[in-house]
$ cat upload.txt   # compact mmCIF, C-alpha atoms and all ligand atoms
# COMPACT_ATOMS: atom_id res chain seq x y z
CA MET U 1 0.00 0.00 0.00
CA ASP U 2 2.21 2.79 -1.29
CA LYS U 3 0.26 5.84 -2.41
CA HIS U 4 3.03 7.17 -4.65
CA HIS U 5 3.34 3.82 -6.41
CA PHE U 6 -0.43 3.78 -6.99
CA TYR U 7 -0.37 7.42 -8.15
CA GLN U 8 2.40 6.84 -10.68
CA ASN U 9 0.58 3.80 -12.05
CA SER U 10 -2.83 5.44 -12.40
CA VAL U 11 -2.48 9.21 -12.86
CA GLN U 12 0.75 9.64 -14.75
CA CYS U 13 1.81 8.64 -18.24
CA VAL U 14 5.19 10.32 -18.39
CA GLU U 15 6.23 8.67 -21.66
CA ALA U 16 3.33 10.24 -23.58
CA GLU U 17 3.81 13.56 -21.78
CA ILE U 18 7.50 13.75 -22.61
CA ASP U 19 6.78 12.69 -26.22
CA PHE U 20 4.39 15.64 -26.54
CA VAL U 21 6.74 18.12 -24.87
CA ALA U 22 9.85 17.13 -26.83
CA GLU U 23 8.08 16.94 -30.20
CA THR U 24 6.25 20.25 -29.71
CA PHE U 25 9.44 22.01 -28.58
CA GLN U 26 11.33 20.71 -31.64
CA THR U 27 8.50 21.80 -33.96
CA LEU U 28 8.27 25.29 -32.47
CA LYS U 29 11.97 26.03 -31.93
CA LYS U 30 13.61 23.96 -34.71
CA ARG U 31 16.11 22.61 -32.21
CA PRO U 32 16.07 19.73 -29.73
CA LEU U 33 14.97 20.31 -26.16
CA LYS U 34 17.81 19.95 -23.67
CA THR U 35 17.00 21.38 -20.23
CA LEU U 36 13.70 20.84 -18.41
CA ARG U 37 12.31 21.97 -15.05
CA GLU U 38 9.36 20.03 -13.64
CA ASP U 39 7.45 22.28 -11.24
CA PHE U 40 5.21 20.61 -8.60
CA CYS U 41 7.28 17.53 -9.47
CA GLY U 42 6.08 15.23 -6.69
CA THR U 43 8.03 12.02 -7.25
CA ALA U 44 9.82 13.62 -10.25
CA GLN U 45 8.89 10.77 -12.55
CA THR U 46 8.68 13.12 -15.57
CA ALA U 47 12.08 14.69 -14.88
CA CYS U 48 13.57 11.19 -14.59
CA GLU U 49 11.99 10.18 -17.88
CA TRP U 50 13.60 13.22 -19.50
CA VAL U 51 17.17 12.52 -18.35
CA SER U 52 16.82 8.86 -19.30
CA ARG U 53 16.10 9.79 -22.91
CA GLY U 54 19.35 11.46 -23.94
CA ASP U 55 22.99 11.80 -22.88
CA ASN U 56 22.87 15.61 -22.81
CA HIS U 57 19.42 15.97 -21.20
CA MET U 58 19.29 17.80 -17.88
CA ALA U 59 16.36 18.14 -15.46
CA TRP U 60 15.36 19.83 -12.23
CA GLY U 61 12.35 18.84 -10.14
CA VAL U 62 10.80 21.36 -7.75
CA ASP U 63 8.41 20.57 -4.92
CA LEU U 64 7.60 21.97 -1.48
CA ASP U 65 7.18 18.60 0.18
CA PRO U 66 10.41 16.95 1.38
CA LEU U 67 8.69 13.58 1.86
CA VAL U 68 7.51 13.22 -1.72
CA LEU U 69 10.93 14.36 -2.97
CA GLN U 70 12.62 11.74 -0.81
CA TRP U 71 10.31 9.07 -2.24
CA GLY U 72 11.18 10.24 -5.76
CA GLN U 73 14.88 10.21 -4.93
CA ASP U 74 14.73 6.71 -3.43
CA ASN U 75 12.49 5.14 -6.04
CA ASN U 76 12.89 7.03 -9.32
CA VAL U 77 16.24 8.82 -9.26
CA THR U 78 18.15 5.84 -7.90
CA SER U 79 16.69 3.65 -10.66
CA LEU U 80 18.57 5.77 -13.18
CA SER U 81 22.14 5.04 -14.26
CA TRP U 82 24.91 6.93 -12.47
CA SER U 83 25.49 9.25 -15.45
CA GLN U 84 21.75 10.01 -15.63
CA GLN U 85 21.60 10.72 -11.88
CA LYS U 86 24.31 13.36 -12.29
CA ARG U 87 22.03 15.26 -14.70
CA ILE U 88 18.99 15.55 -12.40
CA GLN U 89 18.50 17.60 -9.27
CA LEU U 90 15.48 17.67 -6.95
CA LEU U 91 14.90 20.96 -5.15
CA GLU U 92 12.77 21.51 -2.08
CA ALA U 93 11.41 24.95 -2.94
CA ASP U 94 8.32 27.00 -3.64
CA VAL U 95 7.66 27.25 -7.39
CA LEU U 96 7.07 30.97 -6.86
CA ASP U 97 10.74 31.37 -6.01
CA VAL U 98 12.99 28.87 -7.83
CA PRO U 99 16.65 29.66 -8.37
CA VAL U 100 16.98 27.53 -11.55
CA GLN U 101 17.33 29.88 -14.52
CA CYS U 102 18.08 29.74 -18.26
CA ILE U 103 16.17 26.60 -19.05
CA ASP U 104 14.49 25.48 -22.26
CA THR U 105 11.22 24.39 -20.77
CA VAL U 106 9.18 24.43 -17.57
CA LEU U 107 6.34 21.96 -16.96
CA ALA U 108 3.37 22.50 -14.64
CA MET U 109 1.34 19.31 -15.05
CA ASN U 110 -1.54 17.50 -13.45
CA PHE U 111 -3.25 20.85 -12.87
CA SER U 112 -1.00 21.53 -9.87
CA TYR U 113 -0.94 25.29 -10.52
CA PHE U 114 -4.73 25.38 -9.86
CA ILE U 115 -3.73 25.71 -6.18
CA PHE U 116 -3.10 29.41 -6.86
CA MET U 117 -6.60 30.78 -6.27
CA GLU U 118 -6.09 34.47 -6.91
CA ARG U 119 -5.32 36.05 -10.23
CA PRO U 120 -2.36 38.20 -9.04
CA LEU U 121 -0.69 35.16 -7.48
CA MET U 122 -1.17 33.08 -10.64
CA VAL U 123 0.22 35.90 -12.79
CA SER U 124 3.25 36.22 -10.50
CA TYR U 125 3.88 32.45 -10.83
CA PHE U 126 3.66 32.73 -14.63
CA GLU U 127 6.00 35.76 -14.52
CA SER U 128 8.57 33.84 -12.48
CA VAL U 129 8.43 30.96 -15.00
CA TYR U 130 8.89 33.51 -17.80
CA GLN U 131 12.00 34.87 -16.06
CA SER U 132 13.43 31.37 -15.62
CA LEU U 133 13.25 30.47 -19.29
CA ASN U 134 15.83 30.92 -22.04
CA GLU U 135 15.04 33.54 -24.66
CA ASP U 136 13.36 30.86 -26.81
CA GLY U 137 11.97 28.91 -23.85
CA VAL U 138 8.54 27.25 -23.72
CA PHE U 139 6.18 26.71 -20.78
CA PHE U 140 3.94 23.62 -20.87
CA LEU U 141 0.84 23.27 -18.68
CA ASP U 142 -2.19 21.06 -18.69
CA ALA U 143 -5.78 21.89 -17.75
CA PHE U 144 -9.02 20.03 -17.25
CA GLY U 145 -12.66 21.01 -17.58
CA GLY U 146 -15.99 20.09 -19.14
CA TYR U 147 -19.49 20.25 -17.70
CA GLU U 148 -18.84 17.33 -15.32
CA ALA U 149 -15.87 19.16 -13.80
CA HIS U 150 -18.36 21.39 -12.00
CA LYS U 151 -20.23 18.47 -10.45
CA VAL U 152 -19.94 16.60 -7.19
CA LEU U 153 -19.12 13.07 -8.37
CA THR U 154 -17.01 9.97 -7.89
CA GLU U 155 -15.42 8.05 -10.76
CA GLU U 156 -13.59 4.73 -10.67
CA ARG U 157 -11.04 3.26 -13.03
CA GLU U 158 -9.56 -0.24 -12.91
CA CYS U 159 -5.76 -0.33 -12.84
CA ASP U 160 -3.28 -3.16 -12.51
CA GLY U 161 -4.03 -4.67 -9.08
CA PHE U 162 -6.03 -1.76 -7.71
CA THR U 163 -8.85 0.72 -8.42
CA TYR U 164 -8.22 4.44 -8.81
CA ILE U 165 -11.08 6.52 -7.39
CA TRP U 166 -11.42 10.23 -8.23
CA GLU U 167 -13.82 12.21 -6.04
CA GLN U 168 -14.98 15.76 -6.62
CA ALA U 169 -16.33 16.29 -3.10
CA THR U 170 -17.35 19.95 -3.27
CA PHE U 171 -17.66 22.65 -5.91
CA ASN U 172 -18.52 26.27 -5.16
CA PRO U 173 -19.82 28.02 -8.31
CA ILE U 174 -19.25 31.44 -6.77
CA THR U 175 -15.50 31.01 -6.33
CA SER U 176 -14.99 28.02 -8.66
CA GLU U 177 -13.11 26.38 -5.79
CA MET U 178 -13.39 22.63 -5.42
CA GLN U 179 -12.24 19.89 -3.06
CA CYS U 180 -10.98 16.76 -4.80
CA TYR U 181 -9.61 13.50 -3.45
CA ILE U 182 -7.87 10.46 -4.86
CA HIS U 183 -8.64 7.18 -3.10
CA PHE U 184 -7.26 3.74 -3.93
CA GLU U 185 -8.61 0.26 -3.31
CA THR U 186 -6.62 -2.91 -3.88
CA ASP U 187 -8.13 -5.89 -5.68
CA GLU U 188 -8.14 -7.59 -2.27
CA GLY U 189 -10.52 -4.87 -1.00
CA VAL U 190 -8.06 -2.88 1.13
CA ARG U 191 -8.96 0.79 0.85
CA MET U 192 -6.72 3.86 1.12
CA ASP U 193 -9.04 6.81 1.61
CA ARG U 194 -7.96 10.34 0.69
CA ALA U 195 -4.47 9.27 -0.33
CA PHE U 196 -4.24 12.68 -2.03
CA ALA U 197 -6.35 15.79 -1.38
CA TYR U 198 -6.48 18.88 -3.60
CA TYR U 199 -8.22 22.14 -2.88
CA TRP U 200 -8.22 23.96 -6.19
CA ARG U 201 -9.75 26.71 -8.22
CA LEU U 202 -11.14 25.35 -11.48
CA TRP U 203 -9.71 27.94 -13.86
CA THR U 204 -11.12 28.25 -17.37
CA LEU U 205 -8.98 28.19 -20.50
CA PRO U 206 -9.67 31.84 -21.42
CA GLU U 207 -8.56 32.91 -17.93
CA ILE U 208 -5.36 30.85 -18.08
CA ARG U 209 -4.50 32.07 -21.58
CA GLU U 210 -5.12 35.71 -20.62
CA MET U 211 -2.91 35.42 -17.53
CA LEU U 212 -0.07 33.82 -19.53
CA LEU U 213 -0.15 36.65 -22.06
CA GLU U 214 -0.34 39.20 -19.23
CA ALA U 215 2.76 37.61 -17.68
CA GLY U 216 4.65 38.31 -20.90
CA PHE U 217 4.39 35.12 -22.97
CA LYS U 218 3.97 35.85 -26.66
CA THR U 219 1.71 32.84 -27.24
CA ALA U 220 -0.65 30.76 -25.09
CA ASP U 221 -1.98 28.07 -27.41
CA VAL U 222 -4.33 25.25 -26.57
CA TYR U 223 -3.57 21.74 -27.87
CA TRP U 224 -6.81 19.76 -27.89
CA GLU U 225 -7.09 15.96 -27.95
CA GLY U 226 -8.47 14.25 -31.06
CA THR U 227 -11.21 11.60 -30.98
CA ASP U 228 -10.82 7.93 -31.79
CA GLU U 229 -13.71 7.35 -34.20
CA SER U 230 -14.15 3.70 -33.20
CA THR U 231 -14.50 4.31 -29.44
CA GLY U 232 -15.57 7.95 -29.27
CA GLU U 233 -12.81 8.43 -26.65
CA GLY U 234 -9.73 10.65 -26.80
CA ASP U 235 -7.00 9.33 -29.11
CA GLY U 236 -4.00 10.79 -27.26
CA VAL U 237 -3.07 13.10 -30.15
CA TYR U 238 -3.04 16.79 -29.15
CA THR U 239 -3.25 19.43 -31.87
CA LYS U 240 -3.13 23.21 -31.73
CA THR U 241 -6.58 24.65 -32.29
CA MET U 242 -8.95 27.47 -31.33
CA LEU U 243 -11.99 25.18 -31.54
CA GLY U 244 -12.62 22.72 -28.70
CA THR U 245 -15.60 20.41 -28.16
CA PRO U 246 -18.07 20.78 -25.26
CA ASP U 247 -17.29 17.38 -23.76
CA ALA U 248 -18.36 16.14 -20.32
CA GLY U 249 -14.73 16.00 -19.29
CA TRP U 250 -11.60 17.01 -21.17
CA VAL U 251 -7.87 17.43 -20.54
CA CYS U 252 -5.71 19.60 -22.79
CA TYR U 253 -2.24 21.09 -22.96
CA ILE U 254 -1.43 24.78 -23.02
CA VAL U 255 1.84 25.81 -24.66
CA ALA U 256 3.23 29.28 -23.95
CA GLU U 257 6.27 30.59 -25.81
CA LYS U 258 8.52 33.29 -24.36
C1 LIG U 301 -0.93 17.26 -8.06
S1 LIG U 301 0.68 16.93 -7.35
C2 LIG U 301 1.55 16.82 -8.86
C3 LIG U 301 2.59 15.78 -8.89
C4 LIG U 301 3.27 15.62 -10.25
N1 LIG U 301 3.78 16.89 -10.79
C5 LIG U 301 2.37 15.06 -11.30
O1 LIG U 301 2.36 15.57 -12.40
O2 LIG U 301 1.68 14.11 -11.07
C6 LIG U 301 1.04 18.50 -6.68
C7 LIG U 301 2.43 18.66 -6.02
O3 LIG U 301 2.66 20.06 -5.90
C8 LIG U 301 3.40 20.32 -4.70
N2 LIG U 301 3.22 21.74 -4.38
C9 LIG U 301 2.09 22.39 -3.98
N3 LIG U 301 2.31 23.70 -3.87
C10 LIG U 301 3.60 23.93 -4.24
C11 LIG U 301 4.42 25.09 -4.35
N4 LIG U 301 3.95 26.32 -4.07
N5 LIG U 301 5.70 24.94 -4.75
C12 LIG U 301 6.20 23.73 -5.03
N6 LIG U 301 5.46 22.58 -4.96
C13 LIG U 301 4.19 22.68 -4.56
C14 LIG U 301 2.82 19.33 -3.71
O4 LIG U 301 3.74 19.07 -2.66
C15 LIG U 301 2.57 18.10 -4.61
O5 LIG U 301 3.65 17.20 -4.56

$ encode --input "upload.txt" --output "structure tokens"
Amino acid sequence: MDKHHFYQNSVQCVEAEIDFVAETFQTLKKRPLKTLREDFCGTAQTACEWVSRGDNHMAWGVDLDPLVLQWGQDNNVTSLSWSQQKRIQLLEADVLDVPVQCIDTVLAMNFSYFIFMERPLMVSYFESVYQSLNEDGVFFLDAFGGYEAHKVLTEERECDGFTYIWEQATFNPITSEMQCYIHFETDEGVRMDRAFAYYWRLWTLPEIREMLLEAGFKTADVYWEGTDESTGEGDGVYTKTMLGTPDAGWVCYIVAEK
């Protein structure tokens, strides 16, 4: 019963995420991505994936919580080769104040930046990311929404050996603030309630795009997921567009160029 193990095997798909980030960076900048900072890194699985993919790749992971960083160090970083471990650094720091500068790309994934509830605070986070980037740097974020995102609900998904349970416990339409939980239950019926708790503001895409531009980014483009015609589900291919679909629940990427 290890909540970080369950999280990594249900929430994250770092291979697909890094594919998207590296390919989009190459397309936009006509050069390969080299240095990456993973904000809100948790176990730093994405940063580890990055350094494992190339001999000159470097990564920094930033998180406030020393316990999750230690788990990432013990379980993810130490699984890397010695030469890969020398190219990754985990920092216990607030993302609002990170000393790592001059990097190609910053990631803020799994909606972690939704913890900033007020507009000025969000803009100051985006400004600090802007300052940290190289002159041709790119900021990658994700976002979720859809009409079910505003509902109180519980959803379950079968994973390998356990069930992932996502609960939207409260939603306040006046502030757009919501309380969410992740629970896990093993196939043997052992339950881990509230393994992760998030109190967030459900920001809309127009708000996020406006704040990125206000912080100085010259673009703030949405990459929307295509649909697999046979299943009607998302096909994992994200394309830049200004026309989304009013789905019950969606996840997209936002790409902001300095
Ligand atoms: C939703 S988890 C994301 C984990 C991982 N990035 C992922 O993609 O799955 C949010 C993480 O953000 C961290 N966090 C929250 N506020 C932070 C802040 N101001 N600065 C740095 N890390 C923060 C928490 O400790 C937690 O590990």

$ closest_residue --input "upload.txt" --among "U:Leu96, U:Thr163, U:Leu28, U:Thr239" --to "Val123 in chain U" --atoms "all atoms listed in the file"
U:Leu96

$ closest_residue --input "upload.txt" --among "U:Gln101, U:Gln45, U:Thr35, U:Asn56" --to "ligand LIG 301 (chain U)" --atoms "all atoms listed in the file"
U:Gln45

$ residues_near_point --input "upload.txt" --point "(-20.4, 21.6, -9.8)" --cutoff "8 Å" --atoms "only C-alpha atoms" --output "number ranges by chain"
U: 148-152, 170-173

$ closest_atom_pairs --input "upload.txt" --of "chain U" --to "ligand LIG 301 (chain U)" --cutoff "8 Å" --atoms "only C-alpha atoms and all ligand atoms" --output "CSV"
residue,atom,partner,partner_atom,distance
U:Tyr7,CA,U:LIG301,O2,7.6
U:Gln8,CA,U:LIG301,O2,7.3
U:Val11,CA,U:LIG301,O2,6.7
U:Gln12,CA,U:LIG301,O2,5.9
U:Glu38,CA,U:LIG301,N1,7.0
U:Asp39,CA,U:LIG301,C12,6.5
U:Phe40,CA,U:LIG301,O3,3.8
U:Cys41,CA,U:LIG301,N1,3.8
U:Gly42,CA,U:LIG301,O5,3.8
U:Thr43,CA,U:LIG301,C4,6.7
U:Ala44,CA,U:LIG301,C4,6.8
U:Gln45,CA,U:LIG301,C4,7.8
U:Thr46,CA,U:LIG301,O1,7.5
U:Val62,CA,U:LIG301,C12,5.8
U:Asp63,CA,U:LIG301,N6,3.6
U:Leu64,CA,U:LIG301,N6,4.1
U:Asp65,CA,U:LIG301,O4,4.5
U:Val68,CA,U:LIG301,O5,6.2
U:Leu69,CA,U:LIG301,O5,8.0
U:Glu92,CA,U:LIG301,C12,7.5
U:Ala93,CA,U:LIG301,C12,5.7
U:Asp94,CA,U:LIG301,N5,3.5
U:Val95,CA,U:LIG301,N5,4.0
U:Leu96,CA,U:LIG301,N4,6.3
U:Ala108,CA,U:LIG301,N1,6.8
U:Met109,CA,U:LIG301,O1,4.7
U:Asn110,CA,U:LIG301,O1,4.5
U:Phe111,CA,U:LIG301,C1,6.4
U:Ser112,CA,U:LIG301,C1,4.6
U:Tyr113,CA,U:LIG301,N3,7.6
U:Ile115,CA,U:LIG301,N3,6.8
U:Tyr198,CA,U:LIG301,C1,7.3

$ residues_around --input "upload.txt" --residues "Tyr181 in chain U" --least-positions-apart "3" --cutoff "6 Å" --atoms "only C-alpha atoms" --output "ChimeraX atom specification"
/U:167,194,196-197

$ atom_distance --input "upload.txt" --atom1 "CA of Leu33 in chain U" --atom2 "CA of Gly226 in chain U"
24.7 Å

$ residues_near_point --input "upload.txt" --point "(5.3, 19.8, -23.6)" --cutoff "12 Å" --atoms "all atoms listed in the file" --output "JSON, numbers by chain"
{"U": [14, 15, 16, 17, 18, 19, 20, 21, 22, 23, 24, 25, 26, 27, 28, 33, 36, 37, 38, 46, 50, 104, 105, 106, 107, 108, 109, 137, 138, 139, 140, 141, 142, 221, 222, 223, 238, 239, 252, 253, 254, 255, 256, 257]}

$ atom_distance --input "upload.txt" --atom1 "CA of Cys102 in chain U" --atom2 "CA of Leu121 in chain U"
22.3 Å

$ closest_residue --input "upload.txt" --among "U:Thr245, U:Thr227, U:Thr175, U:Thr186" --to "Trp203 in chain U" --atoms "all atoms listed in the file"
U:Thr175

$ closest_residue --input "upload.txt" --among "U:Val100, U:Met1, U:Val251, U:Ala59" --to "Gly234 in chain U" --atoms "only C-alpha atoms"
U:Val251

$ closest_residue --input "upload.txt" --among "U:Arg157, U:Arg209, U:Arg201, U:Lys218" --to "Glu185 in chain U" --atoms "only C-alpha atoms"
U:Arg157

$ closest_residue --input "upload.txt" --among "U:Ala195, U:His5, U:Asn76, U:Met122" --to "Ile208 in chain U" --atoms "only C-alpha atoms"
U:Met122

$ atom_distance --input "upload.txt" --atom1 "CA of Glu188 in chain U" --atom2 "CA of Phe6 in chain U"
14.5 Å
